[in-house]
file model17.cif (mmCIF, C-alpha atoms)
data_upload
#
loop_
_atom_site.label_atom_id
_atom_site.label_comp_id
_atom_site.auth_asym_id
_atom_site.auth_seq_id
_atom_site.Cartn_x
_atom_site.Cartn_y
_atom_site.Cartn_z
CA GLY T 1 -7.12 -7.14 49.31
CA ASN T 2 -5.23 -6.58 46.05
CA MET T 3 -1.55 -7.39 45.73
CA GLY T 4 0.79 -6.01 43.13
CA PRO T 5 3.55 -7.98 41.35
CA ARG T 6 6.18 -9.39 43.80
CA GLU T 7 4.39 -7.76 46.70
CA THR T 8 4.51 -9.46 50.15
CA LYS T 9 2.10 -8.98 52.98
CA MET T 10 2.30 -10.36 56.53
CA VAL T 11 -0.81 -11.31 58.44
CA GLU T 12 -0.45 -11.85 62.21
CA MET T 13 -3.14 -13.78 64.11
CA CYS T 14 -3.27 -14.24 67.93
CA GLY T 15 -5.18 -16.80 70.04
CA ARG T 16 -5.19 -18.71 73.40
CA ALA T 17 -4.88 -22.52 73.93
CA THR T 18 -7.72 -24.13 75.79
CA GLY T 19 -5.77 -27.26 76.84
CA GLN T 20 -2.59 -29.36 76.53
CA GLY T 21 -1.36 -30.99 73.32
CA ARG T 22 -0.11 -30.12 69.84
CA ILE T 23 -1.64 -27.22 67.95
CA GLN T 24 -1.43 -27.34 64.12
CA SER T 25 -1.84 -24.12 62.17
CA CYS T 26 -2.70 -24.04 58.42
CA ALA T 27 -3.14 -21.11 55.97
CA VAL T 28 -4.97 -21.14 52.63
CA VAL T 29 -4.38 -18.47 49.98
CA ASP T 30 -7.07 -17.91 47.38
CA TRP T 31 -7.40 -15.30 44.59
CA ASN T 32 -9.49 -14.38 41.54
CA SER T 33 -7.78 -14.30 38.10
CA LEU T 34 -9.62 -11.65 35.93
CA LEU T 35 -8.49 -10.57 32.45
CA CYS T 36 -10.45 -7.64 30.81
CA GLY T 37 -10.32 -5.97 27.37
CA ASP T 38 -12.20 -3.03 25.73
CA ILE T 39 -13.69 -3.14 22.22
CA ASN T 40 -14.28 0.23 20.55
CA VAL T 41 -17.38 0.08 18.32
CA VAL T 42 -17.30 2.62 15.45
CA GLN T 43 -19.67 3.50 12.61
CA PRO T 44 -18.58 5.38 9.45
CA ALA T 45 -21.12 7.58 7.62
CA LEU T 46 -20.93 9.45 4.31
CA LYS T 47 -22.13 12.89 3.24
CA VAL T 48 -21.93 14.30 -0.32
CA GLU T 49 -22.30 17.93 -1.41
CA ILE T 50 -22.12 19.45 -4.89
CA ALA T 51 -21.73 23.06 -6.06
CA MET T 52 -21.99 24.47 -9.60
CA PRO T 53 -21.69 28.06 -10.91
CA PRO T 54 -25.10 29.71 -11.26
CA GLU T 55 -24.46 30.94 -14.81
CA ARG T 56 -22.00 30.42 -17.68
CA SER T 57 -21.82 31.30 -21.38
CA LEU T 58 -21.95 28.54 -23.97
CA CYS T 59 -18.24 28.73 -24.80
CA GLU T 60 -17.08 28.67 -21.16
CA GLN T 61 -16.01 25.60 -19.22
CA ILE T 62 -18.32 24.53 -16.39
CA CYS T 63 -16.88 22.84 -13.28
CA ALA T 64 -18.86 21.07 -10.58
CA ARG T 65 -17.14 20.72 -7.20
CA ILE T 66 -18.04 17.57 -5.26
CA VAL T 67 -17.11 17.21 -1.56
CA VAL T 68 -17.48 13.84 0.16
CA THR T 69 -17.12 13.69 3.95
CA ASN T 70 -16.98 10.86 6.46
CA THR T 71 -19.18 12.20 9.24
CA GLY T 72 -19.00 8.96 11.25
CA SER T 73 -16.60 7.63 13.89
CA GLY T 74 -14.75 4.97 11.87
CA PRO T 75 -12.96 4.73 8.51
CA ALA T 76 -14.97 4.53 5.29
CA ASN T 77 -13.05 2.09 3.09
CA ASN T 78 -13.09 1.85 -0.71
CA THR T 79 -15.01 5.09 -1.14
CA VAL T 80 -16.16 5.83 -4.71
CA VAL T 81 -17.80 9.07 -5.92
CA THR T 82 -19.98 9.22 -9.05
CA PHE T 83 -21.13 12.37 -10.87
CA ALA T 84 -24.45 12.08 -12.71
CA THR T 85 -23.54 13.86 -15.95
CA PRO T 86 -26.38 16.11 -17.20
CA ALA T 87 -27.65 15.41 -20.71
CA GLY T 88 -25.96 17.73 -23.19
CA TRP T 89 -22.67 17.91 -21.28
CA THR T 90 -19.32 16.78 -22.63
CA LEU T 91 -16.95 15.91 -19.77
CA ASP T 92 -13.24 16.63 -19.96
CA GLY T 93 -11.63 13.20 -20.27
CA GLY T 94 -15.05 11.52 -20.32
CA ARG T 95 -14.69 10.36 -16.70
CA ASN T 96 -17.45 10.66 -14.09
CA THR T 97 -16.44 8.04 -11.45
CA PHE T 98 -13.61 8.67 -8.96
CA ASP T 99 -11.91 6.30 -6.48
CA VAL T 100 -11.38 8.23 -3.25
CA GLY T 101 -9.97 5.33 -1.19
CA THR T 102 -10.25 5.38 2.60
CA LEU T 103 -11.76 8.35 4.42
CA GLY T 104 -10.93 8.58 8.09
CA ALA T 105 -13.46 9.82 10.61
CA GLY T 106 -14.14 13.50 9.92
CA GLN T 107 -12.03 13.49 6.74
CA SER T 108 -13.19 15.14 3.46
CA ARG T 109 -12.09 14.97 -0.16
CA SER T 110 -13.02 17.39 -2.96
CA ILE T 111 -13.28 16.55 -6.65
CA ASP T 112 -13.67 18.99 -9.57
CA VAL T 113 -15.57 17.64 -12.57
CA CYS T 114 -15.35 19.93 -15.62
CA GLY T 115 -16.96 19.97 -19.04
CA LYS T 116 -18.81 22.08 -21.59
CA ALA T 117 -22.45 22.37 -22.53
CA GLN T 118 -23.46 21.67 -26.11
CA ARG T 119 -26.38 24.07 -26.09
CA THR T 120 -28.00 26.74 -23.98
CA GLY T 121 -30.39 25.85 -21.16
CA THR T 122 -30.47 24.78 -17.51
CA TYR T 123 -28.22 21.91 -16.44
CA THR T 124 -28.74 19.99 -13.17
CA GLY T 125 -25.98 17.92 -11.61
CA THR T 126 -26.01 15.44 -8.70
CA ALA T 127 -23.41 13.18 -7.09
CA THR T 128 -23.44 9.94 -5.10
CA ALA T 129 -20.88 8.19 -2.88
CA ALA T 130 -20.52 4.56 -1.81
CA ALA T 131 -18.11 2.73 0.50
CA ALA T 132 -17.50 -0.75 1.93
CA GLY T 133 -20.18 -2.14 4.21
CA GLY T 134 -23.05 -0.84 2.10
CA LEU T 135 -22.48 2.82 2.94
CA GLN T 136 -24.24 5.18 0.50
CA ALA T 137 -24.99 8.90 0.26
CA ALA T 138 -26.47 11.25 -2.35
CA SER T 139 -26.19 15.00 -2.84
CA GLY T 140 -28.94 17.45 -3.51
CA PRO T 141 -29.21 18.98 -7.01
CA ALA T 142 -27.07 21.88 -8.26
CA GLN T 143 -27.85 23.94 -11.37
CA THR T 144 -26.06 26.05 -13.97
CA ILE T 145 -27.87 28.18 -16.55
CA VAL T 146 -25.98 28.33 -19.86
CA ARG T 147 -26.60 31.44 -21.97
CA GLN T 148 -25.37 32.73 -25.32
CA PRO T 149 -25.49 36.08 -27.10
CA VAL T 150 -26.90 35.94 -30.63
CA LEU T 151 -26.00 38.87 -32.87
CA GLU T 152 -28.03 40.19 -35.78
CA VAL T 153 -26.79 42.82 -38.27
CA THR T 154 -28.82 44.96 -40.65
CA LEU T 155 -27.52 47.44 -43.24
CA ALA T 156 -29.59 50.15 -44.94
CA CYS T 157 -28.18 51.34 -48.28
CA PRO T 158 -29.24 54.07 -50.71
CA GLN T 159 -31.93 52.76 -53.05
CA GLY T 160 -32.12 53.32 -56.77
CA GLN T 161 -29.46 55.19 -58.70
CA THR T 162 -27.19 57.90 -57.31
CA PHE T 163 -25.61 60.41 -59.66
CA ILE T 164 -21.88 60.74 -59.77
CA GLY T 165 -20.42 63.18 -57.24
CA ARG T 166 -23.30 62.84 -54.79
CA THR T 167 -22.76 61.26 -51.37
CA LEU T 168 -24.17 57.94 -50.19
CA ALA T 169 -25.68 57.66 -46.69
CA TYR T 170 -25.82 54.34 -44.82
CA GLU T 171 -27.12 53.00 -41.51
CA ALA T 172 -25.89 49.80 -39.82
CA THR T 173 -27.45 48.18 -36.76
CA VAL T 174 -26.22 45.37 -34.52
CA ALA T 175 -28.68 43.75 -32.08
CA ASN T 176 -28.34 41.06 -29.42
CA LYS T 177 -31.18 38.58 -29.92
CA GLY T 178 -29.80 36.01 -27.46
CA ASP T 179 -30.21 35.50 -23.71
CA GLY T 180 -26.61 36.31 -22.69
CA ASP T 181 -24.56 39.50 -22.66
CA ALA T 182 -22.59 40.22 -25.85
CA ALA T 183 -19.26 41.42 -24.45
CA ASN T 184 -16.77 43.47 -26.48
CA THR T 185 -19.12 43.85 -29.43
CA MET T 186 -17.53 45.20 -32.61
CA LEU T 187 -19.35 46.40 -35.75
CA MET T 188 -17.31 46.53 -38.96
CA VAL T 189 -18.16 47.83 -42.43
CA SER T 190 -16.26 47.15 -45.64
CA THR T 191 -16.45 49.67 -48.52
CA PRO T 192 -14.93 49.84 -52.01
CA ALA T 193 -11.43 51.31 -52.10
CA GLY T 194 -12.39 54.00 -54.60
CA LEU T 195 -14.75 55.78 -52.15
CA SER T 196 -13.78 57.98 -49.22
CA VAL T 197 -15.55 58.31 -45.88
CA GLN T 198 -17.08 61.75 -45.45
CA ASN T 199 -18.26 61.18 -41.87
CA ALA T 200 -19.08 58.42 -39.39
CA SER T 201 -21.22 58.62 -36.26
CA ASP T 202 -20.45 57.30 -32.78
CA ASN T 203 -16.67 57.57 -33.09
CA GLY T 204 -16.43 55.23 -36.03
CA SER T 205 -12.80 54.81 -37.04
CA GLY T 206 -11.14 53.87 -40.31
CA GLY T 207 -11.16 55.29 -43.78
CA ALA T 208 -11.13 54.15 -47.38
CA GLY T 209 -11.88 50.47 -47.47
CA GLY T 210 -13.62 50.10 -44.12
CA LEU T 211 -14.93 51.44 -40.81
CA SER T 212 -15.31 49.94 -37.34
CA TRP T 213 -17.18 50.77 -34.15
CA ASN T 214 -16.41 49.53 -30.64
CA VAL T 215 -19.96 49.00 -29.42
CA GLY T 216 -18.94 47.49 -26.06
CA ASN T 217 -21.40 45.27 -24.18
CA LEU T 218 -24.88 44.59 -25.48
CA ALA T 219 -27.36 43.11 -23.01
CA PRO T 220 -30.05 40.75 -24.31
CA GLY T 221 -32.55 42.76 -26.35
CA GLN T 222 -30.25 45.77 -26.79
CA SER T 223 -29.12 47.17 -30.14
CA LYS T 224 -26.83 49.88 -31.50
CA LYS T 225 -27.35 51.88 -34.70
CA VAL T 226 -24.57 53.81 -36.44
CA SER T 227 -24.46 55.84 -39.63
CA PHE T 228 -21.81 56.82 -42.14
CA VAL T 229 -21.58 58.75 -45.40
CA LEU T 230 -19.42 57.81 -48.37
CA ASN T 231 -18.15 60.25 -50.98
CA PRO T 232 -17.76 58.50 -54.34
CA GLY T 233 -15.88 61.27 -56.07
CA GLN T 234 -15.74 60.25 -59.72
CA TYR T 235 -16.54 56.61 -58.94
CA THR T 236 -19.27 55.07 -61.09
CA GLY T 237 -20.86 51.64 -61.17
CA GLN T 238 -21.95 49.30 -58.40
CA VAL T 239 -20.99 50.08 -54.79
CA PRO T 240 -20.90 46.83 -52.73
CA VAL T 241 -20.89 47.46 -48.97
CA SER T 242 -20.93 44.79 -46.23
CA ALA T 243 -21.33 44.86 -42.45
CA ARG T 244 -20.48 42.22 -39.86
CA ALA T 245 -20.40 42.00 -36.08
CA THR T 246 -18.39 40.07 -33.49
CA ALA T 247 -18.60 39.58 -29.72
CA VAL T 248 -17.26 37.20 -27.10
CA CYS T 249 -18.84 33.75 -27.45
CA ALA T 250 -21.26 34.94 -30.14
CA ASN T 251 -22.00 34.16 -33.75
CA GLU T 252 -20.51 36.46 -36.42
CA PRO T 253 -23.33 37.59 -38.73
CA SER T 254 -22.74 39.59 -41.90
CA VAL T 255 -24.93 41.34 -44.44
CA ASN T 256 -24.35 42.88 -47.89
CA CYS T 257 -26.00 45.55 -49.96
CA THR T 258 -25.24 47.21 -53.27
CA SER T 259 -25.91 50.72 -54.53
CA GLN T 260 -25.53 52.14 -58.05
CA ILE T 261 -23.68 55.32 -59.10
CA VAL T 262 -24.34 56.61 -62.59
CA GLY T 263 -23.06 59.51 -64.60
CA ILE T 264 -25.18 62.61 -65.31
CA PRO T 265 -26.54 62.54 -68.87
CA ALA T 266 -25.55 65.58 -70.91
CA GLN T 267 -26.72 66.93 -74.28
CA LEU T 268 -24.11 68.02 -76.80
CA LEU T 269 -25.15 71.11 -78.82
CA ASN T 270 -23.37 72.18 -82.00
CA GLY T 271 -23.75 75.78 -83.12
CA VAL T 272 -23.12 77.08 -86.64
CA ASP T 273 -22.43 80.74 -87.31
CA ASN T 274 -24.27 81.67 -90.52
CA PRO T 275 -23.62 85.26 -91.39
#
call {"tool": "encode", "arguments": {"input": "model17.cif", "output": "structure tokens"}}
result
Amino acid sequence: GNMGPRETKMVEMCGRATGQGRIQSCAVVDWNSLLCGDINVVQPALKVEIAMPPERSLCEQICARIVVTNTGSGPANNTVVTFATPAGWTLDGGRNTFDVGTLGAGQSRSIDVCGKAQRTGTYTGTATAAAAGGLQAASGPAQTIVRQPVLEVTLACPQGQTFIGRTLAYEATVANKGDGDAANTMLMVSTPAGLSVQNASDNGSGGAGGLSWNVGNLAPGQSKKVSFVLNPGQYTGQVPVSARATAVCANEPSVNCTSQIVGIPAQLLNGVDNP
């Protein structure tokens, strides 16, 4: 059987002589020398996933999160991840290739790639990973829609000539012509200092020299119209009035108009008393 290190075993054999003379006994020991070793065969494998926000405004930063995972049973050495930059993107730092190093079995690494879009539209991003031994993997596509509010301002002024002492009525409108929400929209009107504000609709605030309205959020296609009345008092001449609008991540349009205030013509009569 099997014998352990430094182990001794005694074997006793019995027999009977069949005649006279010398009996010689011999023993032979034989064994098998067997040395065994196990080799563990492993296989690394890569998986890449990418996620991007569904929607952003043009002035916001866009970040794509890339996750690379070793789904195999052995280490993935010299792993490199590459982000396929969409056309029209400007990457922070200008870098789109990242050295991940060695990924152990079941290990993951995440990478955030950030940038800004140069124009509105739909942007599609993908990522690939490669490692030693010819390992390769590619992600599916991820998309972000980039939108922008576009403001438009109109201003309706009194036409023709207005006589001194009579009020001037105005209407100003701000509209969102873009495809993104116009957040925190403000409409502002500038007026000559010599005129006073008689009234303003929709909680317009201010006084001599200007008015403002907090319009709030304007969805694409929405607009807001306000009105105000100026009292010129004894003011005569041209009345320049301007309106402009602002919103988060939007253009800042402005418009001007001019009205005319004239004096009332009068006829001077001289009377002579002739008795």
call {"tool": "closest_residue", "arguments": {"input": "model17.cif", "among": "T:Pro253, T:Pro192, T:Gly121, T:Gly4", "to": "Gly210 in chain T", "atoms": "all atoms listed in the file"}}
result
T:Pro192
call {"tool": "closest_residue", "arguments": {"input": "model17.cif", "among": "T:Val248, T:Ala200, T:Val215, T:Cys114", "to": "Asp92 in chain T", "atoms": "only C-alpha atoms"}}
result
T:Cys114
call {"tool": "closest_residue", "arguments": {"input": "model17.cif", "among": "T:Glu252, T:Asp99, T:Glu49, T:Asp202", "to": "Gly216 in chain T", "atoms": "all atoms listed in the file"}}
result
T:Asp202
call {"tool": "resolve_selection", "arguments": {"input": "model17.cif", "expression": "the PyMOL selection byres ((chain T and resi 125-134) around 7)", "output": "list in words"}}
result
Val48, Ile50, Ala76, Asn77, Asn78, Thr79, Val80, Val81, Thr82, Phe83, Ala84, Thr85, Pro86, Tyr123, Thr124, Leu135, Gln136, Ala137, Ala138, Ser139, Gly140, Pro141, Ala142 and Gln143 of chain T
call {"tool": "atom_distance", "arguments": {"input": "model17.cif", "atom1": "CA of Ala169 in chain T", "atom2": "CA of Val150 in chain T"}}
result
27.0 Å
call {"tool": "closest_residue", "arguments": {"input": "model17.cif", "among": "T:Thr185, T:Ser227, T:Ser196, T:Thr144", "to": "Thr246 in chain T", "atoms": "all atoms listed in the file"}}
result
T:Thr185
call {"tool": "resolve_selection", "arguments": {"input": "model17.cif", "expression": "the PyMOL selection byres ((chain T and resi 13) around 12)", "output": "list in words"}}
result
Met10, Val11, Glu12, Cys14, Gly15, Arg16, Ser25, Cys26 and Ala27 of chain T
call {"tool": "resolve_selection", "arguments": {"input": "model17.cif", "expression": "the PyMOL selection byres ((chain T and resi 64-71) around 8)", "output": "JSON, numbers by chain"}}
result
{"T": [44, 45, 46, 47, 48, 49, 50, 51, 52, 53, 62, 63, 72, 73, 75, 76, 81, 103, 104, 105, 106, 107, 108, 109, 110, 111, 112, 113, 114, 125, 127, 129]}
call {"tool": "closest_residue", "arguments": {"input": "model17.cif", "among": "T:Ala87, T:Leu211, T:Met186, T:Leu230", "to": "Ala250 in chain T", "atoms": "all atoms listed in the file"}}
result
T:Met186
call {"tool": "residues_around", "arguments": {"input": "model17.cif", "residues": "range 161-164 of chain T", "least_positions_apart": "4", "cutoff": "10 Å", "atoms": "all atoms listed in the file", "output": "count of residues only"}}
result
16
call {"tool": "atom_distance", "arguments": {"input": "model17.cif", "atom1": "CA of Gly180 in chain T", "atom2": "CA of Cys59 in chain T"}}
result
11.5 Å
call {"tool": "closest_residue", "arguments": {"input": "model17.cif", "among": "T:Leu91, T:Val229, T:Val42, T:Ala117", "to": "Gly74 in chain T", "atoms": "only C-alpha atoms"}}
result
T:Val42
call {"tool": "residues_around", "arguments": {"input": "model17.cif", "residues": "Asp181 in chain T", "least_positions_apart": "6", "cutoff": "10 Å", "atoms": "all atoms listed in the file", "output": "list in words"}}
result
Ser57, Arg147, Gln148, Pro149, Val150, Asn217, Leu218, Ala219, Pro220, Gly221, Gln222, Ala247, Val248, Cys249 and Ala250 of chain T
call {"tool": "axis_aligned_box", "arguments": {"input": "model17.cif", "around": "range 246-261 of chain T", "padding_each_side": "5 Å", "output": "lines of an AutoDock Vina configuration file"}}
result
center_x = -21.6
center_y = 44.5
center_z = -43.1
size_x = 18.7
size_y = 31.6
size_z = 42.0
